[in-house]
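Peer 1: Below is the file start20.cif, with mmCIF, C-alpha atoms.
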data_start
#
loop_
_atom_site.group_PDB
_atom_site.id
_atom_site.type_symbol
_atom_site.label_atom_id
_atom_site.label_comp_id
_atom_site.auth_asym_id
_atom_site.auth_seq_id
_atom_site.Cartn_x
_atom_site.Cartn_y
_atom_site.Cartn_z
ATOM 1 C CA MET Y 1 -8.204 -8.147 16.250
ATOM 2 C CA PRO Y 2 -7.602 -5.490 18.945
ATOM 3 C CA THR Y 3 -9.572 -2.281 18.474
ATOM 4 C CA PHE Y 4 -9.820 -0.853 22.012
ATOM 5 C CA LEU Y 5 -6.247 -0.074 23.076
ATOM 6 C CA GLU Y 6 -6.069 0.517 26.818
ATOM 7 C CA GLN Y 7 -3.763 3.221 28.079
ATOM 8 C CA PRO Y 8 -0.646 2.076 29.941
ATOM 9 C CA THR Y 9 -1.151 1.559 33.662
ATOM 10 C CA TYR Y 10 0.722 3.741 36.106
ATOM 11 C CA GLY Y 11 3.620 1.991 37.839
ATOM 12 C CA PRO Y 12 4.899 3.781 40.927
ATOM 13 C CA GLN Y 13 8.274 2.028 40.669
ATOM 14 C CA GLY Y 14 8.976 3.564 37.277
ATOM 15 C CA PRO Y 15 10.492 1.848 34.251
ATOM 16 C CA ASP Y 16 13.730 0.942 36.087
ATOM 17 C CA GLY Y 17 12.097 -0.221 39.348
ATOM 18 C CA LEU Y 18 13.739 2.581 41.341
ATOM 19 C CA GLY Y 19 10.846 5.018 41.290
ATOM 20 C CA TRP Y 20 10.016 7.983 39.117
ATOM 21 C CA ASN Y 21 12.220 11.052 39.022
ATOM 22 C CA ARG Y 22 11.064 13.852 41.287
ATOM 23 C CA LEU Y 23 10.620 16.034 38.237
ATOM 24 C CA SER Y 24 7.968 14.408 36.046
ATOM 25 C CA LEU Y 25 6.396 15.620 32.825
ATOM 26 C CA ASN Y 26 3.638 13.001 32.847
ATOM 27 C CA ALA Y 27 0.968 15.635 33.359
ATOM 28 C CA HIS Y 28 1.870 17.123 29.992
ATOM 29 C CA VAL Y 29 1.694 13.868 28.020
ATOM 30 C CA ASP Y 30 -1.607 12.661 26.581
ATOM 31 C CA GLN Y 31 -2.019 9.065 27.750
ATOM 32 C CA ARG Y 32 -5.596 8.063 26.937
ATOM 33 C CA HIS Y 33 -7.276 4.944 25.632
ATOM 34 C CA GLN Y 34 -6.787 4.689 21.876
ATOM 35 C CA CYS Y 35 -8.694 3.259 18.920
ATOM 36 C CA GLY Y 36 -7.027 0.640 16.749
ATOM 37 C CA TRP Y 37 -8.908 1.958 13.687
ATOM 38 C CA GLN Y 38 -7.380 5.446 13.854
ATOM 39 C CA PRO Y 39 -3.747 5.160 12.715
ATOM 40 C CA HIS Y 40 -1.628 8.311 12.747
ATOM 41 C CA ARG Y 41 1.393 7.124 10.767
ATOM 42 C CA PHE Y 42 2.662 4.379 8.468
ATOM 43 C CA ALA Y 43 3.701 2.037 11.283
ATOM 44 C CA THR Y 44 0.248 2.048 12.871
ATOM 45 C CA LEU Y 45 -1.444 1.784 9.459
ATOM 46 C CA PHE Y 46 0.580 -1.416 8.973
ATOM 47 C CA GLU Y 47 -0.527 -2.623 12.414
ATOM 48 C CA ALA Y 48 -4.187 -1.919 11.640
ATOM 49 C CA LEU Y 49 -4.030 -3.684 8.267
ATOM 50 C CA THR Y 50 -2.400 -6.770 9.788
ATOM 51 C CA GLY Y 51 -4.286 -6.942 13.107
ATOM 52 C CA ARG Y 52 -1.262 -6.092 15.279
ATOM 53 C CA GLN Y 53 -2.458 -2.885 16.940
ATOM 54 C CA GLN Y 54 -0.787 -1.857 20.168
ATOM 55 C CA TRP Y 55 -1.243 1.297 22.216
ATOM 56 C CA GLY Y 56 0.709 4.249 20.873
ATOM 57 C CA GLY Y 57 0.405 6.094 17.594
ATOM 58 C CA PHE Y 58 -3.383 5.772 17.278
ATOM 59 C CA GLY Y 59 -6.172 8.283 17.767
ATOM 60 C CA ARG Y 60 -7.984 8.702 21.063
ATOM 61 C CA CYS Y 61 -10.913 6.363 21.748
ATOM 62 C CA PHE Y 62 -14.195 8.281 21.511
ATOM 63 C CA VAL Y 63 -16.028 5.898 23.834
ATOM 64 C CA GLY Y 64 -13.404 5.736 26.565
ATOM 65 C CA HIS Y 65 -14.078 2.232 27.866
ATOM 66 C CA PRO Y 66 -13.977 -1.339 26.502
ATOM 67 C CA GLY Y 67 -17.065 -3.232 25.440
ATOM 68 C CA SER Y 68 -18.650 -0.532 23.277
ATOM 69 C CA CYS Y 69 -16.657 -0.984 20.066
ATOM 70 C CA GLY Y 70 -19.586 -2.748 18.389
ATOM 71 C CA THR Y 71 -21.649 0.446 18.393
ATOM 72 C CA CYS Y 72 -18.793 2.917 17.840
ATOM 73 C CA PRO Y 73 -19.180 4.878 14.571
ATOM 74 C CA VAL Y 74 -15.444 4.547 13.890
ATOM 75 C CA GLN Y 75 -15.633 0.753 13.884
ATOM 76 C CA LEU Y 76 -18.915 0.717 11.960
ATOM 77 C CA ARG Y 77 -17.338 2.828 9.210
ATOM 78 C CA ARG Y 78 -14.333 0.511 9.154
ATOM 79 C CA LEU Y 79 -16.451 -2.635 8.873
ATOM 80 C CA ALA Y 80 -18.583 -1.076 6.122
ATOM 81 C CA ARG Y 81 -15.483 0.344 4.371
ATOM 82 C CA GLU Y 82 -17.038 3.821 4.421
ATOM 83 C CA GLY Y 83 -15.166 7.099 4.339
ATOM 84 C CA GLY Y 84 -12.371 5.920 2.023
ATOM 85 C CA ILE Y 85 -10.747 7.887 -0.767
ATOM 86 C CA ASN Y 86 -12.437 8.352 -4.130
ATOM 87 C CA TRP Y 87 -9.996 6.316 -6.215
ATOM 88 C CA PRO Y 88 -9.839 7.527 -9.843
ATOM 89 C CA ASP Y 89 -10.768 5.082 -12.582
ATOM 90 C CA ARG Y 90 -7.955 3.439 -14.582
ATOM 91 C CA THR Y 91 -5.369 4.415 -11.979
ATOM 92 C CA PRO Y 92 -3.838 1.287 -10.418
ATOM 93 C CA LEU Y 93 -1.037 2.976 -8.488
ATOM 94 C CA PHE Y 94 -0.273 6.052 -6.404
ATOM 95 C CA LEU Y 95 2.879 7.328 -4.748
ATOM 96 C CA ALA Y 96 1.881 8.316 -1.187
ATOM 97 C CA ARG Y 97 3.993 10.894 0.635
ATOM 98 C CA THR Y 98 3.643 11.721 4.335
ATOM 99 C CA ARG Y 99 3.070 15.376 5.186
ATOM 100 C CA PRO Y 100 3.516 16.183 8.920
ATOM 101 C CA TRP Y 101 1.022 18.573 10.459
ATOM 102 C CA PRO Y 102 2.404 21.992 11.411
ATOM 103 C CA PRO Y 103 2.640 22.764 15.151
ATOM 104 C CA THR Y 104 -0.482 24.185 16.773
ATOM 105 C CA PRO Y 105 0.034 27.888 17.603
ATOM 106 C CA GLY Y 106 0.360 28.400 21.353
ATOM 107 C CA ALA Y 107 0.658 24.688 22.197
ATOM 108 C CA LEU Y 108 3.497 23.765 24.567
ATOM 109 C CA PHE Y 109 3.797 20.077 25.457
ATOM 110 C CA ALA Y 110 0.514 18.310 24.615
ATOM 111 C CA ASP Y 111 0.267 19.670 21.070
ATOM 112 C CA PRO Y 112 -2.634 17.825 19.356
ATOM 113 C CA ALA Y 113 -0.703 18.053 16.061
ATOM 114 C CA ALA Y 114 2.435 16.387 17.453
ATOM 115 C CA GLY Y 115 3.151 13.132 15.637
ATOM 116 C CA ARG Y 116 0.200 13.654 13.300
ATOM 117 C CA SER Y 117 0.373 13.707 9.528
ATOM 118 C CA SER Y 118 -1.677 13.357 6.374
ATOM 119 C CA LEU Y 119 -0.898 12.085 2.892
ATOM 120 C CA GLU Y 120 -0.535 13.469 -0.604
ATOM 121 C CA LEU Y 121 -1.042 11.008 -3.465
ATOM 122 C CA PHE Y 122 1.009 11.491 -6.641
ATOM 123 C CA PRO Y 123 1.349 9.727 -9.995
ATOM 124 C CA TRP Y 124 3.984 7.024 -9.649
ATOM 125 C CA ARG Y 125 6.636 9.113 -11.429
ATOM 126 C CA GLY Y 126 5.917 12.129 -9.231
ATOM 127 C CA GLY Y 127 4.703 15.554 -10.353
ATOM 128 C CA GLN Y 128 1.745 17.336 -8.846
ATOM 129 C CA PRO Y 129 -0.418 15.637 -6.191
ATOM 130 C CA ILE Y 130 -3.715 14.187 -7.387
ATOM 131 C CA LEU Y 131 -5.404 13.639 -4.020
ATOM 132 C CA LYS Y 132 -4.985 14.407 -0.345
ATOM 133 C CA ALA Y 133 -5.972 11.767 2.184
ATOM 134 C CA GLY Y 134 -5.883 10.848 5.862
ATOM 135 C CA TRP Y 135 -4.632 7.596 7.323
ATOM 136 C CA MET Y 136 -8.155 6.477 8.244
ATOM 137 C CA GLN Y 137 -9.274 7.072 4.654
ATOM 138 C CA ILE Y 138 -6.538 4.740 3.412
ATOM 139 C CA LEU Y 139 -7.532 2.121 5.966
ATOM 140 C CA ASN Y 140 -11.215 2.324 5.002
ATOM 141 C CA THR Y 141 -10.722 2.204 1.228
ATOM 142 C CA PRO Y 142 -11.652 -1.257 -0.095
ATOM 143 C CA GLY Y 143 -9.108 -3.214 -2.101
ATOM 144 C CA LEU Y 144 -5.983 -1.192 -1.270
ATOM 145 C CA ARG Y 145 -2.567 -2.648 -0.502
ATOM 146 C CA ILE Y 146 0.567 -0.846 0.626
ATOM 147 C CA SER Y 147 4.244 -1.336 -0.129
ATOM 148 C CA TRP Y 148 7.129 -1.105 2.281
ATOM 149 C CA CYS Y 149 7.973 2.426 3.349
ATOM 150 C CA TRP Y 150 11.166 4.300 2.423
ATOM 151 C CA GLN Y 151 12.802 7.673 3.081
ATOM 152 C CA ASP Y 152 14.187 10.002 0.436
ATOM 153 C CA GLY Y 153 14.939 13.683 0.068
ATOM 154 C CA GLN Y 154 11.242 14.543 0.312
ATOM 155 C CA GLY Y 155 10.573 12.497 3.443
ATOM 156 C CA GLU Y 156 8.613 9.307 4.017
ATOM 157 C CA ALA Y 157 6.888 7.600 1.079
ATOM 158 C CA PHE Y 158 5.231 4.331 0.092
ATOM 159 C CA TRP Y 159 3.136 2.885 -2.756
ATOM 160 C CA LEU Y 160 -0.634 2.469 -2.754
ATOM 161 C CA VAL Y 161 -1.906 -0.116 -5.230
ATOM 162 C CA ARG Y 162 -5.570 -0.977 -5.693
ATOM 163 C CA GLU Y 163 -7.186 -4.251 -6.634
ATOM 164 C CA HIS Y 164 -8.940 -3.954 -9.990
ATOM 165 C CA PRO Y 165 -12.708 -4.443 -9.516
ATOM 166 C CA THR Y 166 -13.042 -6.686 -12.608
ATOM 167 C CA ALA Y 167 -9.871 -8.751 -12.135
ATOM 168 C CA ASP Y 168 -11.861 -11.921 -11.380
ATOM 169 C CA ALA Y 169 -13.101 -11.883 -14.990
ATOM 170 C CA ALA Y 170 -9.563 -11.927 -16.413
ATOM 171 C CA VAL Y 171 -8.564 -15.130 -18.230
ATOM 172 C CA LEU Y 172 -5.166 -16.859 -17.950
ATOM 173 C CA VAL Y 173 -4.000 -19.621 -20.246
ATOM 174 C CA SER Y 174 -0.920 -21.312 -18.768
ATOM 175 C CA THR Y 175 1.257 -23.724 -20.731
ATOM 176 C CA LYS Y 176 4.291 -25.688 -19.583
ATOM 177 C CA ILE Y 177 7.084 -25.505 -22.193
ATOM 178 C CA GLY Y 178 10.087 -27.527 -21.052
ATOM 179 C CA THR Y 179 11.401 -25.830 -17.921
ATOM 180 C CA ARG Y 180 9.455 -22.666 -18.642
ATOM 181 C CA MET Y 181 5.887 -21.653 -17.885
ATOM 182 C CA ARG Y 182 4.001 -19.439 -20.325
ATOM 183 C CA HIS Y 183 0.971 -17.392 -19.246
ATOM 184 C CA ASP Y 184 -1.275 -15.744 -21.870
ATOM 185 C CA LEU Y 185 -3.243 -12.875 -20.326
ATOM 186 C CA TYR Y 186 -6.703 -11.748 -21.429
ATOM 187 C CA GLY Y 187 -8.846 -9.091 -19.809
ATOM 188 C CA GLY Y 188 -11.962 -11.259 -20.201
ATOM 189 C CA GLN Y 189 -13.499 -14.165 -22.062
ATOM 190 C CA ARG Y 190 -14.044 -12.174 -25.253
ATOM 191 C CA ASN Y 191 -11.220 -9.683 -24.856
ATOM 192 C CA PRO Y 192 -8.059 -9.691 -26.992
ATOM 193 C CA ARG Y 193 -4.824 -10.880 -25.445
ATOM 194 C CA VAL Y 194 -2.896 -8.133 -23.649
ATOM 195 C CA ALA Y 195 0.416 -9.812 -22.765
ATOM 196 C CA VAL Y 196 2.381 -13.059 -22.589
ATOM 197 C CA LEU Y 197 4.421 -13.793 -19.465
ATOM 198 C CA THR Y 198 7.121 -16.428 -19.651
ATOM 199 C CA CYS Y 199 8.627 -17.591 -16.372
ATOM 200 C CA LEU Y 200 12.227 -18.530 -17.148
ATOM 201 C CA GLY Y 201 12.598 -20.296 -13.801
ATOM 202 C CA SER Y 202 10.222 -20.699 -10.885
ATOM 203 C CA CYS Y 203 6.957 -18.745 -10.869
ATOM 204 C CA ALA Y 204 7.121 -16.039 -8.195
ATOM 205 C CA HIS Y 205 3.530 -14.914 -8.627
ATOM 206 C CA GLU Y 206 0.020 -16.202 -8.061
ATOM 207 C CA THR Y 207 -3.070 -16.270 -10.265
ATOM 208 C CA TYR Y 208 -4.286 -13.196 -8.367
ATOM 209 C CA HIS Y 209 -1.266 -11.154 -9.498
ATOM 210 C CA LEU Y 210 -1.674 -12.065 -13.167
ATOM 211 C CA GLN Y 211 -5.412 -11.383 -13.150
ATOM 212 C CA GLN Y 212 -4.790 -7.934 -11.694
ATOM 213 C CA LEU Y 213 -2.187 -7.167 -14.369
ATOM 214 C CA ALA Y 214 -4.477 -8.406 -17.147
ATOM 215 C CA ALA Y 215 -7.343 -6.251 -15.862
ATOM 216 C CA ASP Y 216 -5.123 -3.154 -15.637
ATOM 217 C CA LEU Y 217 -3.908 -3.653 -19.212
ATOM 218 C CA ALA Y 218 -7.421 -4.315 -20.538
ATOM 219 C CA ASP Y 219 -8.617 -1.118 -18.834
ATOM 220 C CA ARG Y 220 -6.142 1.131 -20.631
ATOM 221 C CA PRO Y 221 -7.491 4.561 -21.598
ATOM 222 C CA ASP Y 222 -6.472 3.958 -25.242
ATOM 223 C CA ARG Y 223 -8.485 0.754 -25.685
ATOM 224 C CA ALA Y 224 -10.583 2.446 -28.373
ATOM 225 C CA GLY Y 225 -7.922 4.718 -29.846
ATOM 226 C CA ALA Y 226 -4.244 5.536 -30.245
ATOM 227 C CA SER Y 227 -1.708 5.069 -27.462
ATOM 228 C CA GLY Y 228 0.763 7.553 -26.084
ATOM 229 C CA PRO Y 229 4.524 7.723 -26.708
ATOM 230 C CA ASP Y 230 6.846 4.921 -25.678
ATOM 231 C CA ALA Y 231 7.724 4.923 -21.989
ATOM 232 C CA GLU Y 232 10.859 4.157 -20.013
ATOM 233 C CA ILE Y 233 11.090 2.003 -16.918
ATOM 234 C CA PRO Y 234 13.672 2.416 -14.117
ATOM 235 C CA ALA Y 235 16.009 -0.438 -13.222
ATOM 236 C CA HIS Y 236 14.730 -0.421 -9.639
ATOM 237 C CA VAL Y 237 11.711 1.030 -7.843
ATOM 238 C CA PRO Y 238 11.914 2.071 -4.164
ATOM 239 C CA GLY Y 239 9.691 0.139 -1.785
ATOM 240 C CA VAL Y 240 9.891 -2.992 -3.984
ATOM 241 C CA PRO Y 241 12.865 -4.903 -2.540
ATOM 242 C CA ARG Y 242 15.017 -7.407 -4.425
ATOM 243 C CA THR Y 243 13.326 -6.600 -7.749
ATOM 244 C CA GLY Y 244 14.886 -5.266 -10.943
ATOM 245 C CA PHE Y 245 13.466 -4.223 -14.319
ATOM 246 C CA ALA Y 246 14.754 -4.179 -17.884
ATOM 247 C CA HIS Y 247 13.052 -3.260 -21.138
ATOM 248 C CA ASP Y 248 13.937 -3.665 -24.798
ATOM 249 C CA GLY Y 249 11.535 -2.969 -27.654
ATOM 250 C CA ASN Y 250 8.186 -4.509 -26.788
ATOM 251 C CA CYS Y 251 9.624 -6.881 -24.161
ATOM 252 C CA SER Y 252 10.203 -6.329 -20.433
ATOM 253 C CA LEU Y 253 11.952 -8.374 -17.769
ATOM 254 C CA ILE Y 254 11.324 -8.587 -14.035
ATOM 255 C CA HIS Y 255 14.010 -10.289 -11.989
ATOM 256 C CA ARG Y 256 13.390 -11.108 -8.328
ATOM 257 C CA ASP Y 257 16.224 -12.184 -6.063
ATOM 258 C CA ASN Y 258 15.915 -15.156 -3.769
ATOM 259 C CA ALA Y 259 13.803 -14.473 -0.673
ATOM 260 C CA ARG Y 260 12.348 -16.423 2.240
ATOM 261 C CA ASP Y 261 9.076 -17.222 0.482
ATOM 262 C CA TYR Y 262 10.301 -17.859 -3.072
ATOM 263 C CA ASP Y 263 13.347 -18.724 -5.158
ATOM 264 C CA SER Y 264 14.955 -16.249 -7.521
ATOM 265 C CA SER Y 265 12.997 -15.819 -10.721
ATOM 266 C CA THR Y 266 13.038 -14.003 -14.052
ATOM 267 C CA VAL Y 267 9.851 -13.230 -15.940
ATOM 268 C CA GLN Y 268 9.756 -12.056 -19.538
ATOM 269 C CA LEU Y 269 6.726 -9.969 -20.510
ATOM 270 C CA SER Y 270 5.845 -9.633 -24.193
ATOM 271 C CA TRP Y 271 3.269 -6.911 -24.650
ATOM 272 C CA ASP Y 272 0.342 -7.068 -27.083
ATOM 273 C CA VAL Y 273 -0.345 -3.433 -26.206
ATOM 274 C CA PRO Y 274 2.043 -0.503 -26.773
ATOM 275 C CA PHE Y 275 4.606 0.014 -24.033
ATOM 276 C CA ASP Y 276 3.495 3.536 -23.222
ATOM 277 C CA GLU Y 277 2.906 5.204 -19.856
ATOM 278 C CA ALA Y 278 -0.282 3.205 -19.177
ATOM 279 C CA THR Y 279 1.581 -0.088 -19.687
ATOM 280 C CA ALA Y 280 4.572 1.057 -17.630
ATOM 281 C CA THR Y 281 2.216 2.008 -14.806
ATOM 282 C CA ALA Y 282 0.546 -1.411 -14.955
ATOM 283 C CA LEU Y 283 3.970 -3.081 -14.850
ATOM 284 C CA VAL Y 284 5.086 -1.146 -11.761
ATOM 285 C CA ALA Y 285 1.716 -1.803 -10.087
ATOM 286 C CA HIS Y 286 2.218 -5.524 -10.780
ATOM 287 C CA ALA Y 287 5.678 -5.428 -9.164
ATOM 288 C CA VAL Y 288 4.323 -3.573 -6.125
ATOM 289 C CA ARG Y 289 1.594 -6.192 -5.661
ATOM 290 C CA LEU Y 290 4.208 -8.959 -5.726
ATOM 291 C CA SER Y 291 5.792 -7.607 -2.554
ATOM 292 C CA ALA Y 292 2.912 -5.613 -1.039
ATOM 293 C CA ILE Y 293 2.116 -5.860 2.651
#
Written as structure tokens, how would this file's structure read?

Peer 2:
Amino acid sequence: MPTFLEQPTYGPQGPDGLGWNRLSLNAHVDQRHQCGWQPHRFATLFEALTGRQQWGGFGRCFVGHPGSCGTCPVQLRRLAREGGINWPDRTPLFLARTRPWPPTPGALFADPAAGRSSLELFPWRGGQPILKAGWMQILNTPGLRISWCWQDGQGEAFWLVREHPTADAAVLVSTKIGTRMRHDLYGGQRNPRVAVLTCLGSCAHETYHLQQLAADLADRPDRAGASGPDAEIPAHVPGVPRTGFAHDGNCSLIHRDNARDYDSSTVQLSWDVPFDEATATALVAHAVRLSAI
């Protein structure tokens, strides 16, 4: 996985092979070695998460030469997953919105704020931000996955969904019923059932996805008391392609269109917990994980 990203080499023939223009602005452009663990935007965060880093869009290398990444504090923090965000308990999902940095007063060409941004994290329905974070904090937070990015009237946005720390303890009981597959979800060995998923066609999920959903539902804030009012669910959620939702009473449907990796599928979810805001959040988090990067 590339971490030291060497600056582009100077080519006297220029990009077209006919030489550089006599008027050049190269002296005003910051072309230094970069660090593959310091993303500055969504595209380079995606590269860092998938091991595809290339020069451009990353922070400047502190060391300045290859061969010293093993002792660099940036890489050590990345390997130890230190310096991440303090993810709130019982919150499986955040809406992340990009906030560009304002221009640096007095800067002309090589503005250190140019192309830089940070993030505000909101509840999935919007409202007031809960946290502010940097791109490196997202990268260094254990168990986070990101959705595809989209643009709306407020700018660039994407979903952040976390892996539940106790999901491995969730119990699934799967039963084949004719052409259908039924999955009973339990938060643990001695926990009550939280939901029943019935795949009406092919299963477009893995055990991992169902364990995460079961853990989110078992970790509801109302597990020892009353639930909140009934919630609504949108027909579609941005950043989750080819996926639609429907809800009626205490039953929900997720339909996924045919894609490269799976056939079209429809899943019916019968809830053993009230369909309030906590359940709706768990459902959307489940859908985001199905298509997360």

Peer 1: On this structure, which residues satisfy the PyMOL selection byres ((chain Y and resi 137) around 12), written as a list of chain:residue names?

Peer 2: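 For this structure, the PyMOL selection byres ((chain Y and resi 137) around 12) captures Y:Trp37, Y:Gln38, Y:Pro39, Y:His40, Y:Leu45, Y:Val74, Y:Arg77, Y:Arg78, Y:Arg81, Y:Glu82, Y:Gly83, Y:Gly84, Y:Ile85, Y:Asn86, Y:Trp87, Y:Ser118, Y:Leu119, Y:Leu131, Y:Lys132, Y:Ala133, Y:Gly134, Y:Trp135, Y:Met136, Y:Ile138, Y:Leu139, Y:Asn140, Y:Thr141, Y:Pro142, Y:Leu144.
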
Peer 1: I need the chosen residues saved as a compact mmCIF listing (two decimals), keeping the file's coordinate frame, with C-alpha atoms.

Peer 2:
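Output below, filename again-v2.txt:
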# COMPACT_ATOMS: atom_id res chain seq x y z
CA TRP Y 37 -8.91 1.96 13.69
CA GLN Y 38 -7.38 5.45 13.85
CA PRO Y 39 -3.75 5.16 12.72
CA HIS Y 40 -1.63 8.31 12.75
CA LEU Y 45 -1.44 1.78 9.46
CA VAL Y 74 -15.44 4.55 13.89
CA ARG Y 77 -17.34 2.83 9.21
CA ARG Y 78 -14.33 0.51 9.15
CA ARG Y 81 -15.48 0.34 4.37
CA GLU Y 82 -17.04 3.82 4.42
CA GLY Y 83 -15.17 7.10 4.34
CA GLY Y 84 -12.37 5.92 2.02
CA ILE Y 85 -10.75 7.89 -0.77
CA ASN Y 86 -12.44 8.35 -4.13
CA TRP Y 87 -10.00 6.32 -6.22
CA SER Y 118 -1.68 13.36 6.37
CA LEU Y 119 -0.90 12.08 2.89
CA LEU Y 131 -5.40 13.64 -4.02
CA LYS Y 132 -4.99 14.41 -0.34
CA ALA Y 133 -5.97 11.77 2.18
CA GLY Y 134 -5.88 10.85 5.86
CA TRP Y 135 -4.63 7.60 7.32
CA MET Y 136 -8.15 6.48 8.24
CA ILE Y 138 -6.54 4.74 3.41
CA LEU Y 139 -7.53 2.12 5.97
CA ASN Y 140 -11.22 2.32 5.00
CA THR Y 141 -10.72 2.20 1.23
CA PRO Y 142 -11.65 -1.26 -0.10
CA LEU Y 144 -5.98 -1.19 -1.27

Peer 1: Which residues come within 6 Å of segment 183-196 of chain Y, counting only C-alpha atoms, excluding same-chain residues fewer than 3 positions away, as a PDB file with C-alpha atoms, keeping the file's coordinate frame?

Peer 2:
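Contents of out26.pdb, as written:
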ATOM      1  CA  ALA Y 169     -13.101 -11.883 -14.990  1.00  0.00           C
ATOM      2  CA  ALA Y 170      -9.563 -11.927 -16.413  1.00  0.00           C
ATOM      3  CA  VAL Y 171      -8.564 -15.130 -18.230  1.00  0.00           C
ATOM      4  CA  LEU Y 172      -5.166 -16.859 -17.950  1.00  0.00           C
ATOM      5  CA  VAL Y 173      -4.000 -19.621 -20.246  1.00  0.00           C
ATOM      6  CA  SER Y 174      -0.920 -21.312 -18.768  1.00  0.00           C
ATOM      7  CA  ALA Y 214      -4.477  -8.406 -17.147  1.00  0.00           C
ATOM      8  CA  ALA Y 215      -7.343  -6.251 -15.862  1.00  0.00           C
ATOM      9  CA  ALA Y 218      -7.421  -4.315 -20.538  1.00  0.00           C
ATOM     10  CA  LEU Y 269       6.726  -9.969 -20.510  1.00  0.00           C
ATOM     11  CA  SER Y 270       5.845  -9.633 -24.193  1.00  0.00           C
ATOM     12  CA  TRP Y 271       3.269  -6.911 -24.650  1.00  0.00           C
ATOM     13  CA  ASP Y 272       0.342  -7.068 -27.083  1.00  0.00           C
ATOM     14  CA  VAL Y 273      -0.345  -3.433 -26.206  1.00  0.00           C
TER      15      VAL Y 273
END

Peer 1: Take atom CA of Arg180 of chain Y and atom CA of Ala287 of chain Y and report the distance between them in Å, one decimal.

Peer 2: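 Atom CA of Ala287 of chain Y lies 20.0 Å from atom CA of Arg180 of chain Y.
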
Peer 1: Atom CA of Pro238 of chain Y and atom CA of Asp152 of chain Y, how far apart in Å?

Peer 2: 9.4 Å

Peer 1: What does the distance from atom CA of Gly115 of chain Y to atom CA of Pro8 of chain Y come to in Å, to one decimal?

Peer 2: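 Taking atom CA of Gly115 of chain Y and atom CA of Pro8 of chain Y, their separation equals 18.5 Å.
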
Peer 1: Might you pull out every residue within 7 Å of segment 91-102 of chain Y, with only C-alpha atoms counted and same-chain residues fewer than 2 positions away left off, and present them as JSON, numbers by chain?

Peer 2: {"Y": [88, 89, 104, 113, 116, 117, 118, 119, 120, 121, 122, 123, 124, 156, 157, 158, 159, 160, 161, 162, 216, 282, 285]}

Peer 1: Taking into account all atoms listed in the file, which residue in the set Y:Ile130, Y:Cys61, Y:Val237, Y:Leu49 is nearest to Arg32 of chain Y?

Peer 2: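 Going through Y:Ile130, Y:Cys61, Y:Val237, Y:Leu49 one by one, the smallest distance to Arg32 of chain Y is for Y:Cys61.
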
Peer 1: Can you list what the PyMOL selection byres ((chain Y and resi 232) around 8) grabs from this structure, as a list in words?

Peer 2: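 What the PyMOL selection byres ((chain Y and resi 232) around 8) grabs from the file is Asp230, Ala231, Ile233, Pro234, His247 and Ala280 of chain Y.
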
Peer 1: Taking C-alpha atoms for each residue, export the selection above as a PDB file, in the frame of the given file.

Peer 2:
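Saved file result26.pdb follows:
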ATOM      1  CA  ASP Y 230       6.846   4.921 -25.678  1.00  0.00           C
ATOM      2  CA  ALA Y 231       7.724   4.923 -21.989  1.00  0.00           C
ATOM      3  CA  ILE Y 233      11.090   2.003 -16.918  1.00  0.00           C
ATOM      4  CA  PRO Y 234      13.672   2.416 -14.117  1.00  0.00           C
ATOM      5  CA  HIS Y 247      13.052  -3.260 -21.138  1.00  0.00           C
ATOM      6  CA  ALA Y 280       4.572   1.057 -17.630  1.00  0.00           C
TER       7      ALA Y 280
END

Peer 1: Measuring atom to atom with only C-alpha atoms, identify which of Y:Ser202, Y:Ser68, Y:Gln211, Y:Gln268 is nearest to His164 of chain Y.

Peer 2: Y:Gln211

Peer 1: Quick one: residues within 7 Å of Gln53 of chain Y, only C-alpha atoms counted, chain neighbours fewer than 3 positions away excluded, as a short mmCIF file (atom, residue, chain, number, x, y, z; two decimals) with C-alpha atoms, in the frame of the given file?

Peer 2:
data_model
loop_
_atom_site.label_atom_id
_atom_site.label_comp_id
_atom_site.auth_asym_id
_atom_site.auth_seq_id
_atom_site.Cartn_x
_atom_site.Cartn_y
_atom_site.Cartn_z
CA PRO Y 2 -7.60 -5.49 18.94
CA GLY Y 36 -7.03 0.64 16.75
CA THR Y 44 0.25 2.05 12.87
CA GLU Y 47 -0.53 -2.62 12.41
CA ALA Y 48 -4.19 -1.92 11.64
#

Peer 1: Write out as a PyMOL selection string the residues lying within 8 Å of segment 254-261 of chain Y, counting all atoms listed in the file and excluding same-chain residues fewer than 3 positions away.

Peer 2: chain Y and resi 204+242-246+264-268

Peer 1: Considering all atoms listed in the file, can you say which of Y:Thr71, Y:His286, Y:Pro112, Y:Ala235 comes closest to Glu163 of chain Y?

Peer 2: Y:His286

Peer 1: Considering only C-alpha atoms, can you say which of Y:Gln151, Y:Gly59, Y:Asp248, Y:Thr3 comes closest to Leu79 of chain Y?

Peer 2: Y:Thr3

Peer 1: Using the incomplete input, complete segment 184-188 of chain Y to the level of N, CA and C atoms; output as a PDB file, in the coordinates of the input.

Peer 2:
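And here is the file that came out, out.pdb:
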ATOM      1  N   ASP Y 184      -0.616 -16.691 -20.966  1.00  0.00           N
ATOM      2  CA  ASP Y 184      -1.275 -15.744 -21.870  1.00  0.00           C
ATOM      3  C   ASP Y 184      -2.363 -15.021 -21.093  1.00  0.00           C
ATOM      4  N   LEU Y 185      -2.341 -13.682 -21.135  1.00  0.00           N
ATOM      5  CA  LEU Y 185      -3.243 -12.875 -20.326  1.00  0.00           C
ATOM      6  C   LEU Y 185      -4.314 -12.227 -21.198  1.00  0.00           C
ATOM      7  N   TYR Y 186      -5.557 -12.362 -20.762  1.00  0.00           N
ATOM      8  CA  TYR Y 186      -6.703 -11.748 -21.429  1.00  0.00           C
ATOM      9  C   TYR Y 186      -7.523 -11.005 -20.375  1.00  0.00           C
ATOM     10  N   GLY Y 187      -8.040  -9.850 -20.751  1.00  0.00           N
ATOM     11  CA  GLY Y 187      -8.846  -9.091 -19.809  1.00  0.00           C
ATOM     12  C   GLY Y 187     -10.191  -9.709 -19.521  1.00  0.00           C
ATOM     13  N   GLY Y 188     -10.669 -10.596 -20.385  1.00  0.00           N
ATOM     14  CA  GLY Y 188     -11.962 -11.259 -20.201  1.00  0.00           C
ATOM     15  C   GLY Y 188     -12.125 -12.350 -21.236  1.00  0.00           C
TER      16      GLY Y 188
END
